[in-house]
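The next block is target-v3.pdb, given as PDB, C-alpha atoms.
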ATOM      1  CA  MET A  40     -19.017   8.990  -5.394  1.00  0.00           C
ATOM      2  CA  ALA A  41     -18.528   5.257  -5.365  1.00  0.00           C
ATOM      3  CA  ILE A  42     -15.114   3.863  -6.156  1.00  0.00           C
ATOM      4  CA  ALA A  43     -15.380   1.895  -9.394  1.00  0.00           C
ATOM      5  CA  MET A  44     -13.451  -1.347  -9.554  1.00  0.00           C
ATOM      6  CA  ARG A  45     -13.194  -4.713 -11.220  1.00  0.00           C
ATOM      7  CA  VAL A  46     -12.058  -8.017  -9.773  1.00  0.00           C
ATOM      8  CA  ARG A  47     -11.012 -11.235 -11.469  1.00  0.00           C
ATOM      9  CA  ALA A  48     -10.354 -14.438  -9.582  1.00  0.00           C
ATOM     10  CA  GLY A  49      -9.100 -17.770 -10.819  1.00  0.00           C
ATOM     11  CA  SER A  50      -6.226 -20.242 -10.641  1.00  0.00           C
ATOM     12  CA  GLY A  51      -5.486 -19.197  -7.084  1.00  0.00           C
ATOM     13  CA  GLU A  52      -5.012 -15.544  -7.963  1.00  0.00           C
ATOM     14  CA  ILE A  53      -7.112 -12.447  -7.291  1.00  0.00           C
ATOM     15  CA  LYS A  54      -6.661  -9.323  -9.420  1.00  0.00           C
ATOM     16  CA  VAL A  55      -8.221  -5.964  -8.606  1.00  0.00           C
ATOM     17  CA  LEU A  56      -8.239  -2.836 -10.749  1.00  0.00           C
ATOM     18  CA  MET A  57      -9.786   0.391  -9.484  1.00  0.00           C
ATOM     19  CA  THR A  58     -10.563   3.671 -11.172  1.00  0.00           C
ATOM     20  CA  HIS A  59      -9.251   6.336  -8.841  1.00  0.00           C
ATOM     21  CA  PRO A  60      -6.990   9.421  -9.174  1.00  0.00           C
ATOM     22  CA  SER A  61      -4.777   8.345  -6.232  1.00  0.00           C
ATOM     23  CA  GLU A  62      -3.484  11.865  -5.708  1.00  0.00           C
ATOM     24  CA  ASN A  63      -0.854  12.085  -2.986  1.00  0.00           C
ATOM     25  CA  GLY A  64      -1.437  15.774  -2.263  1.00  0.00           C
ATOM     26  CA  LEU A  65       2.114  16.698  -3.330  1.00  0.00           C
ATOM     27  CA  ARG A  66       1.571  17.264  -7.061  1.00  0.00           C
ATOM     28  CA  LYS A  67       0.834  20.648  -8.584  1.00  0.00           C
ATOM     29  CA  ASP A  68      -1.726  21.372 -11.250  1.00  0.00           C
ATOM     30  CA  ALA A  69       0.244  22.116 -14.447  1.00  0.00           C
ATOM     31  CA  LYS A  70      -1.981  25.080 -15.362  1.00  0.00           C
ATOM     32  CA  SER A  71      -2.779  26.776 -12.072  1.00  0.00           C
ATOM     33  CA  GLY A  72       0.359  25.811 -10.137  1.00  0.00           C
ATOM     34  CA  GLN A  73      -1.853  24.950  -7.177  1.00  0.00           C
ATOM     35  CA  LEU A  74      -1.370  21.760  -5.184  1.00  0.00           C
ATOM     36  CA  ILE A  75      -3.853  19.069  -6.112  1.00  0.00           C
ATOM     37  CA  PRO A  76      -5.590  17.939  -2.894  1.00  0.00           C
ATOM     38  CA  ALA A  77      -4.800  14.459  -1.607  1.00  0.00           C
ATOM     39  CA  HIS A  78      -7.353  11.921  -2.838  1.00  0.00           C
ATOM     40  CA  PHE A  79      -6.287   8.316  -2.508  1.00  0.00           C
ATOM     41  CA  VAL A  80      -7.590   4.915  -1.442  1.00  0.00           C
ATOM     42  CA  LYS A  81      -6.687   4.192   2.180  1.00  0.00           C
ATOM     43  CA  ASN A  82      -8.176   0.780   2.823  1.00  0.00           C
ATOM     44  CA  VAL A  83      -8.767  -2.241   0.629  1.00  0.00           C
ATOM     45  CA  VAL A  84     -10.142  -5.493   2.000  1.00  0.00           C
ATOM     46  CA  VAL A  85     -10.402  -8.766   0.077  1.00  0.00           C
ATOM     47  CA  ALA A  86     -12.390 -11.747   1.326  1.00  0.00           C
ATOM     48  CA  VAL A  87     -12.897 -15.257  -0.025  1.00  0.00           C
ATOM     49  CA  ASN A  88     -16.226 -16.810   1.012  1.00  0.00           C
ATOM     50  CA  GLY A  89     -16.463 -14.190   3.749  1.00  0.00           C
ATOM     51  CA  LYS A  90     -12.995 -14.828   5.194  1.00  0.00           C
ATOM     52  CA  THR A  91     -10.639 -11.858   4.973  1.00  0.00           C
ATOM     53  CA  VAL A  92      -7.485 -12.861   3.121  1.00  0.00           C
ATOM     54  CA  MET A  93      -6.095  -9.346   2.718  1.00  0.00           C
ATOM     55  CA  ASP A  94      -6.543  -6.247   4.847  1.00  0.00           C
ATOM     56  CA  GLY A  95      -4.578  -3.610   3.001  1.00  0.00           C
ATOM     57  CA  GLN A  96      -3.662  -0.018   3.718  1.00  0.00           C
ATOM     58  CA  TRP A  97      -2.457   2.320   1.009  1.00  0.00           C
ATOM     59  CA  GLY A  98      -0.807   5.715   0.963  1.00  0.00           C
ATOM     60  CA  GLY A  99      -0.646   8.314  -1.786  1.00  0.00           C
ATOM     61  CA  GLY A 100       2.335   6.464  -3.254  1.00  0.00           C
ATOM     62  CA  ILE A 101       0.044   4.029  -5.028  1.00  0.00           C
ATOM     63  CA  SER A 102      -0.304   4.766  -8.738  1.00  0.00           C
ATOM     64  CA  LYS A 103      -3.378   6.278 -10.378  1.00  0.00           C
ATOM     65  CA  ASP A 104      -5.988   3.596 -11.063  1.00  0.00           C
ATOM     66  CA  PRO A 105      -4.643   1.248  -8.371  1.00  0.00           C
ATOM     67  CA  TYR A 106      -3.835  -2.325  -9.329  1.00  0.00           C
ATOM     68  CA  LEU A 107      -3.414  -5.233  -6.981  1.00  0.00           C
ATOM     69  CA  ALA A 108      -2.824  -8.913  -7.661  1.00  0.00           C
ATOM     70  CA  PHE A 109      -1.961 -11.671  -5.227  1.00  0.00           C
ATOM     71  CA  LYS A 110      -2.167 -15.413  -4.775  1.00  0.00           C
ATOM     72  CA  VAL A 111      -4.250 -17.172  -2.164  1.00  0.00           C
ATOM     73  CA  LYS A 112      -3.878 -20.770  -1.009  1.00  0.00           C
ATOM     74  CA  GLY A 113      -6.769 -23.161  -1.355  1.00  0.00           C
ATOM     75  CA  MET A 114      -8.995 -21.106  -3.633  1.00  0.00           C
ATOM     76  CA  LYS A 115     -11.480 -23.166  -5.629  1.00  0.00           C
ATOM     77  CA  VAL A 116     -13.714 -22.633  -8.633  1.00  0.00           C
ATOM     78  CA  GLY A 117     -16.966 -21.094  -7.440  1.00  0.00           C
ATOM     79  CA  ASP A 118     -15.487 -19.299  -4.420  1.00  0.00           C
ATOM     80  CA  LYS A 119     -17.057 -15.888  -3.797  1.00  0.00           C
ATOM     81  CA  VAL A 120     -14.465 -13.119  -3.808  1.00  0.00           C
ATOM     82  CA  THR A 121     -15.439  -9.726  -2.444  1.00  0.00           C
ATOM     83  CA  VAL A 122     -13.354  -6.562  -2.541  1.00  0.00           C
ATOM     84  CA  SER A 123     -14.210  -3.375  -0.685  1.00  0.00           C
ATOM     85  CA  ALA A 124     -12.318  -0.104  -0.573  1.00  0.00           C
ATOM     86  CA  GLU A 125     -12.552   3.309   1.045  1.00  0.00           C
ATOM     87  CA  ASP A 126     -10.631   6.481   0.231  1.00  0.00           C
ATOM     88  CA  ASN A 127      -9.540   9.458   2.320  1.00  0.00           C
ATOM     89  CA  THR A 128     -12.684  11.411   1.448  1.00  0.00           C
ATOM     90  CA  GLY A 129     -14.966   8.641   2.722  1.00  0.00           C
ATOM     91  CA  ASP A 130     -15.939   7.381  -0.722  1.00  0.00           C
ATOM     92  CA  LYS A 131     -16.477   3.625  -0.773  1.00  0.00           C
ATOM     93  CA  GLY A 132     -16.804   0.864  -3.298  1.00  0.00           C
ATOM     94  CA  SER A 133     -17.255  -2.873  -3.351  1.00  0.00           C
ATOM     95  CA  VAL A 134     -17.456  -5.592  -5.929  1.00  0.00           C
ATOM     96  CA  GLU A 135     -17.983  -9.341  -5.955  1.00  0.00           C
ATOM     97  CA  ALA A 136     -16.794 -12.039  -8.311  1.00  0.00           C
ATOM     98  CA  THR A 137     -16.888 -15.806  -8.548  1.00  0.00           C
ATOM     99  CA  ALA A 138     -13.588 -17.626  -8.934  1.00  0.00           C
ATOM    100  CA  SER A 139     -13.288 -19.435 -12.248  1.00  0.00           C
TER     101      SER A 139
ATOM    102  CA  MET B 223       7.377  10.188  25.181  1.00  0.00           C
ATOM    103  CA  ASN B 224       8.060   6.930  23.437  1.00  0.00           C
ATOM    104  CA  ARG B 225       9.370   6.602  19.923  1.00  0.00           C
ATOM    105  CA  HIS B 226       6.116   5.525  18.308  1.00  0.00           C
ATOM    106  CA  ARG B 227       4.236   8.425  19.758  1.00  0.00           C
ATOM    107  CA  ARG B 228       6.927  10.832  18.559  1.00  0.00           C
ATOM    108  CA  THR B 229       6.871   9.340  15.072  1.00  0.00           C
ATOM    109  CA  PHE B 230       3.112   9.453  15.038  1.00  0.00           C
ATOM    110  CA  LEU B 231       3.029  13.108  15.993  1.00  0.00           C
ATOM    111  CA  GLN B 232       5.656  14.029  13.431  1.00  0.00           C
ATOM    112  CA  GLY B 233       3.831  12.139  10.745  1.00  0.00           C
ATOM    113  CA  ALA B 234       0.530  13.721  11.664  1.00  0.00           C
ATOM    114  CA  ALA B 235       2.024  17.184  11.591  1.00  0.00           C
ATOM    115  CA  SER B 236       3.600  16.728   8.187  1.00  0.00           C
ATOM    116  CA  ALA B 237       0.607  15.174   6.520  1.00  0.00           C
ATOM    117  CA  GLY B 238      -2.218  16.778   8.430  1.00  0.00           C
ATOM    118  CA  LEU B 239      -4.293  13.797   7.421  1.00  0.00           C
ATOM    119  CA  VAL B 240      -5.105  12.548  10.871  1.00  0.00           C
ATOM    120  CA  ALA B 241      -6.484  15.846  12.088  1.00  0.00           C
ATOM    121  CA  THR B 242      -8.509  16.175   8.922  1.00  0.00           C
ATOM    122  CA  ALA B 243      -9.879  12.686   9.205  1.00  0.00           C
ATOM    123  CA  ILE B 244     -10.821  13.145  12.838  1.00  0.00           C
ATOM    124  CA  ALA B 245     -12.426  16.508  12.115  1.00  0.00           C
ATOM    125  CA  ALA B 246     -14.440  14.955   9.315  1.00  0.00           C
ATOM    126  CA  GLY B 247     -15.678  12.270  11.684  1.00  0.00           C
ATOM    127  CA  LEU B 248     -14.225   9.501   9.549  1.00  0.00           C
ATOM    128  CA  LEU B 249     -11.975   8.235  12.289  1.00  0.00           C
ATOM    129  CA  LYS B 250     -12.427   8.225  15.993  1.00  0.00           C
ATOM    130  CA  PRO B 251      -9.376   9.047  18.078  1.00  0.00           C
ATOM    131  CA  GLY B 252      -7.823   5.801  19.238  1.00  0.00           C
ATOM    132  CA  GLN B 253      -8.875   3.875  16.166  1.00  0.00           C
ATOM    133  CA  VAL B 254      -6.490   5.696  13.930  1.00  0.00           C
ATOM    134  CA  LEU B 255      -3.466   3.457  14.277  1.00  0.00           C
ATOM    135  CA  ALA B 256      -5.484   0.284  13.937  1.00  0.00           C
ATOM    136  CA  ASP B 257      -7.466   1.318  10.882  1.00  0.00           C
ATOM    137  CA  TRP B 258      -4.833   3.202   8.913  1.00  0.00           C
ATOM    138  CA  ASN B 259      -1.227   3.549   9.952  1.00  0.00           C
ATOM    139  CA  ALA B 260      -1.002   7.341   9.921  1.00  0.00           C
ATOM    140  CA  ALA B 261       2.434   7.296  11.546  1.00  0.00           C
ATOM    141  CA  GLY B 262       3.748   4.968   8.859  1.00  0.00           C
ATOM    142  CA  PHE B 263       2.153   6.610   5.839  1.00  0.00           C
ATOM    143  CA  GLY B 264       2.891  10.117   7.151  1.00  0.00           C
ATOM    144  CA  ALA B 265       6.542   9.367   7.886  1.00  0.00           C
ATOM    145  CA  THR B 266       8.981  11.245   5.671  1.00  0.00           C
ATOM    146  CA  LYS B 267      11.999   9.032   6.368  1.00  0.00           C
ATOM    147  CA  THR B 268      12.312   5.332   5.618  1.00  0.00           C
ATOM    148  CA  ALA B 269      13.630   4.604   9.121  1.00  0.00           C
ATOM    149  CA  ASP B 270      10.561   6.241  10.689  1.00  0.00           C
ATOM    150  CA  ALA B 271       8.212   4.382   8.353  1.00  0.00           C
ATOM    151  CA  LEU B 272       9.918   1.083   9.181  1.00  0.00           C
ATOM    152  CA  ALA B 273       9.589   1.788  12.902  1.00  0.00           C
ATOM    153  CA  ALA B 274       5.875   2.495  12.494  1.00  0.00           C
ATOM    154  CA  ILE B 275       5.225  -0.845  10.799  1.00  0.00           C
ATOM    155  CA  GLY B 276       7.428  -2.844  13.169  1.00  0.00           C
ATOM    156  CA  GLY B 277      10.042  -3.338  10.462  1.00  0.00           C
ATOM    157  CA  SER B 278      13.072  -1.883  12.240  1.00  0.00           C
ATOM    158  CA  GLY B 279      15.896  -4.392  12.415  1.00  0.00           C
ATOM    159  CA  ALA B 280      14.361  -6.661   9.765  1.00  0.00           C
ATOM    160  CA  ALA B 281      16.783  -9.316   8.551  1.00  0.00           C
ATOM    161  CA  GLU B 282      17.876  -9.191   4.914  1.00  0.00           C
ATOM    162  CA  SER B 283      16.417 -12.281   3.276  1.00  0.00           C
ATOM    163  CA  LYS B 284      17.169 -14.150   0.063  1.00  0.00           C
ATOM    164  CA  ASP B 285      13.721 -15.697   0.305  1.00  0.00           C
ATOM    165  CA  ILE B 286      12.174 -12.444  -0.876  1.00  0.00           C
ATOM    166  CA  THR B 287      12.458 -11.395  -4.517  1.00  0.00           C
ATOM    167  CA  ILE B 288      11.360  -7.998  -5.764  1.00  0.00           C
ATOM    168  CA  LYS B 289      10.475  -7.924  -9.436  1.00  0.00           C
ATOM    169  CA  ALA B 290      10.545  -4.367 -10.743  1.00  0.00           C
ATOM    170  CA  PRO B 291      12.043  -2.704 -13.810  1.00  0.00           C
ATOM    171  CA  ASP B 292      15.753  -1.748 -13.613  1.00  0.00           C
ATOM    172  CA  ILE B 293      14.829   1.536 -15.245  1.00  0.00           C
ATOM    173  CA  ALA B 294      11.360   3.075 -14.921  1.00  0.00           C
ATOM    174  CA  GLU B 295      10.773   5.739 -17.548  1.00  0.00           C
ATOM    175  CA  ASN B 296       7.642   6.934 -15.780  1.00  0.00           C
ATOM    176  CA  GLY B 297       7.879   7.180 -11.994  1.00  0.00           C
ATOM    177  CA  ALA B 298       4.108   7.579 -11.771  1.00  0.00           C
ATOM    178  CA  VAL B 299       3.555   3.911 -12.607  1.00  0.00           C
ATOM    179  CA  VAL B 300       6.212   1.451 -11.454  1.00  0.00           C
ATOM    180  CA  PRO B 301       5.030  -2.163 -11.426  1.00  0.00           C
ATOM    181  CA  VAL B 302       6.349  -4.024  -8.392  1.00  0.00           C
ATOM    182  CA  GLU B 303       5.944  -7.709  -7.608  1.00  0.00           C
ATOM    183  CA  VAL B 304       6.998  -9.281  -4.330  1.00  0.00           C
ATOM    184  CA  VAL B 305       7.633 -13.015  -4.436  1.00  0.00           C
ATOM    185  CA  THR B 306       8.543 -14.915  -1.304  1.00  0.00           C
ATOM    186  CA  THR B 307       9.075 -18.526  -0.327  1.00  0.00           C
ATOM    187  CA  LEU B 308       8.752 -17.676   3.375  1.00  0.00           C
ATOM    188  CA  ALA B 309       6.053 -19.706   5.136  1.00  0.00           C
ATOM    189  CA  ASN B 310       3.220 -18.281   7.226  1.00  0.00           C
ATOM    190  CA  VAL B 311       3.337 -14.766   5.784  1.00  0.00           C
ATOM    191  CA  GLU B 312       1.425 -12.358   8.015  1.00  0.00           C
ATOM    192  CA  SER B 313       2.044  -9.056   6.270  1.00  0.00           C
ATOM    193  CA  ILE B 314       3.908  -7.389   3.421  1.00  0.00           C
ATOM    194  CA  SER B 315       4.837  -3.726   3.261  1.00  0.00           C
ATOM    195  CA  ILE B 316       6.205  -1.901   0.222  1.00  0.00           C
ATOM    196  CA  LEU B 317       8.308   1.242   0.454  1.00  0.00           C
ATOM    197  CA  GLY B 318       9.962   3.644  -1.966  1.00  0.00           C
ATOM    198  CA  GLU B 319      12.949   4.713   0.090  1.00  0.00           C
ATOM    199  CA  LYS B 320      13.326   8.227  -1.329  1.00  0.00           C
ATOM    200  CA  ASN B 321       9.651   9.023  -1.779  1.00  0.00           C
ATOM    201  CA  ALA B 322       8.308  12.039   0.130  1.00  0.00           C
ATOM    202  CA  ASN B 323       6.331   9.484   2.147  1.00  0.00           C
ATOM    203  CA  PRO B 324       8.296   6.225   1.807  1.00  0.00           C
ATOM    204  CA  LEU B 325       5.552   3.820   2.931  1.00  0.00           C
ATOM    205  CA  VAL B 326       3.366   2.996  -0.064  1.00  0.00           C
ATOM    206  CA  ALA B 327       1.385  -0.056   1.000  1.00  0.00           C
ATOM    207  CA  PHE B 328       0.842  -2.389   3.927  1.00  0.00           C
ATOM    208  CA  TYR B 329      -1.012  -5.665   3.481  1.00  0.00           C
ATOM    209  CA  ALA B 330      -2.109  -7.956   6.307  1.00  0.00           C
ATOM    210  CA  LEU B 331      -2.434 -11.401   4.720  1.00  0.00           C
ATOM    211  CA  THR B 332      -4.070 -14.750   5.461  1.00  0.00           C
ATOM    212  CA  ASP B 333      -3.573 -17.906   3.362  1.00  0.00           C
ATOM    213  CA  PHE B 334      -1.048 -15.981   1.261  1.00  0.00           C
ATOM    214  CA  ASP B 335       0.494 -18.000  -1.566  1.00  0.00           C
ATOM    215  CA  GLY B 336       3.775 -16.227  -2.222  1.00  0.00           C
ATOM    216  CA  THR B 337       3.104 -13.572  -4.866  1.00  0.00           C
ATOM    217  CA  LEU B 338       1.779 -10.031  -4.601  1.00  0.00           C
ATOM    218  CA  ALA B 339       1.869  -7.305  -7.244  1.00  0.00           C
ATOM    219  CA  THR B 340       0.948  -3.643  -7.279  1.00  0.00           C
ATOM    220  CA  ARG B 341       1.875  -0.398  -9.019  1.00  0.00           C
ATOM    221  CA  MET B 342       3.531   2.454  -7.170  1.00  0.00           C
ATOM    222  CA  ARG B 343       4.734   6.013  -7.638  1.00  0.00           C
ATOM    223  CA  MET B 344       8.431   6.826  -7.286  1.00  0.00           C
ATOM    224  CA  GLY B 345       9.800  10.332  -6.951  1.00  0.00           C
ATOM    225  CA  GLN B 346      13.349   9.507  -7.953  1.00  0.00           C
ATOM    226  CA  THR B 347      15.860   6.701  -8.379  1.00  0.00           C
ATOM    227  CA  ALA B 348      15.810   4.687  -5.167  1.00  0.00           C
ATOM    228  CA  ASN B 349      15.489   1.298  -3.559  1.00  0.00           C
ATOM    229  CA  VAL B 350      12.104  -0.335  -3.572  1.00  0.00           C
ATOM    230  CA  ARG B 351      11.974  -2.180  -0.273  1.00  0.00           C
ATOM    231  CA  ALA B 352       9.680  -4.993   0.781  1.00  0.00           C
ATOM    232  CA  VAL B 353       9.220  -5.918   4.423  1.00  0.00           C
ATOM    233  CA  VAL B 354       7.689  -9.321   5.049  1.00  0.00           C
ATOM    234  CA  LYS B 355       6.488 -10.496   8.440  1.00  0.00           C
ATOM    235  CA  ALA B 356       6.351 -14.278   8.521  1.00  0.00           C
ATOM    236  CA  GLY B 357       6.110 -16.682  11.430  1.00  0.00           C
ATOM    237  CA  GLY B 358       6.478 -13.813  13.892  1.00  0.00           C
ATOM    238  CA  LYS B 359       9.750 -12.559  12.410  1.00  0.00           C
ATOM    239  CA  VAL B 360      10.481  -9.663  10.074  1.00  0.00           C
ATOM    240  CA  TYR B 361      12.469  -9.979   6.861  1.00  0.00           C
ATOM    241  CA  THR B 362      13.350  -7.503   4.156  1.00  0.00           C
ATOM    242  CA  ALA B 363      14.798  -7.149   0.663  1.00  0.00           C
ATOM    243  CA  ALA B 364      15.365  -4.239  -1.694  1.00  0.00           C
ATOM    244  CA  LYS B 365      15.911  -3.572  -5.382  1.00  0.00           C
ATOM    245  CA  GLU B 366      17.107  -0.342  -6.950  1.00  0.00           C
ATOM    246  CA  VAL B 367      14.901   1.188  -9.637  1.00  0.00           C
ATOM    247  CA  LYS B 368      16.277   4.035 -11.735  1.00  0.00           C
ATOM    248  CA  VAL B 369      13.576   6.627 -12.387  1.00  0.00           C
ATOM    249  CA  THR B 370      13.799   8.867 -15.437  1.00  0.00           C
ATOM    250  CA  VAL B 371      10.773  11.094 -14.716  1.00  0.00           C
ATOM    251  CA  GLY B 372       9.505  11.272 -11.132  1.00  0.00           C
ATOM    252  CA  GLY B 373       5.861  10.605 -10.397  1.00  0.00           C
ATOM    253  CA  CYS B 374       5.365  12.203  -7.013  1.00  0.00           C
ATOM    254  CA  GLY B 375       5.381  15.915  -7.794  1.00  0.00           C
ATOM    255  CA  GLY B 376       7.210  18.181  -5.435  1.00  0.00           C
TER     256      GLY B 376
END
Go ahead and express the file in the form of structure tokens.
Amino acid sequence: MAIAMRVRAGSGEIKVLMTHPSENGLRKDAKSGQLIPAHFVKNVVVAVNGKTVMDGQWGGGISKDPYLAFKVKGMKVGDKVTVSAEDNTGDKGSVEATAS
Amino acid sequence: MNRHRRTFLQGAASAGLVATAIAAGLLKPGQVLADWNAAGFGATKTADALAAIGGSGAAESKDITIKAPDIAENGAVVPVEVVTTLANVESISILGEKNANPLVAFYALTDFDGTLATRMRMGQTANVRAVVKAGGKVYTAAKEVKVTVGGCGG
């Protein structure tokens, strides 16, 4: 299943919001008492006009529906921002936005 | 056996993630450390996690500010913002020192402009630590966050 996400870019800042359970594998299901298997995003890469500005690695300590925001020098209106991610089950997602 | 290898093996044993990933064909042996820092994310002690990301012996720095709530009612979602005036930032790592796996995130950065925010889980009241590599040197800062309800299970 693809990882759903949104990206907004503008005023030198890139914001990414994903829809993902980000389970760390340590939590128990409240009803069954069984451990919920680990299911979290491991890699997130952000590029501006094809140049990687962030190569991120995440563990299960990232919250459900991961959020990421950061500032990049020299970003201009019209720049193409791409975000791609992959989780520990091999699911992938990517999204593109134009800086405003 | 050097320290990194030992840490790596310990981390792999505790998490089991590396073996699983290799078995699933997602990662080839030898690429593991480059693609995803299994030793760091699998470490169960802050000192081991710091060693795995090259953050041991980082200098405390006033040029790093961690913005996080003094009290987090819900440990499952703790907003954390790292602001730094350090020049030539190469990477930022974020750790929850008493989490089951302290290392939460590692970001390699290019053209970074001083501010990075994310949301993390915290198991209990602890320091949130940021490790910033800039200009070839490693700096660190921490801020205590009191957690009312843990968000890591256990």
For B:Ile293, which of B:Asn349, B:Thr306, B:Thr362, B:Asn321 is the closest residue, counting all atoms listed in the file?
->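 Selected residue with least distance to B:Ile293: B:Asn349.
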Anything within 12 Å of (-8.7, -10.8, -10.2): list those residues as a PyMOL selection string, counting all atoms listed in the file and sticking to the file's coordinates.
-> (chain A and resi 44-57+85+87+106-111+119-122+134-139) or (chain B and resi 338-339)
Define the interface residues of chain A facing chain B as those within 8 Å, counting all atoms listed in the file, and report them as a ChimeraX atom specification.
-> /A:63,65-67,81-82,91-103,105-113,127,129
Cut-off 8 Å around (-1.5, 19.9, 0.5) with only C-alpha atoms: residues as a list in words =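 Residues found, by chain and rising number: Gly64, Leu65, Leu74, Ile75, Pro76 and Ala77 of chain A; Ala237 of chain B.
Taking atom CA of B:Ala294 and atom CA of B:Ala348 as endpoints, the distance between them is 10.8 Å.
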With all atoms listed in the file as the basis for distance, which of B:Ala273, B:Ile286, B:Ala280, B:Ala265 is at the shortest distance from B:Ala363?
->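 Among B:Ala273, B:Ile286, B:Ala280, B:Ala265, it is B:Ile286 that comes nearest to B:Ala363.
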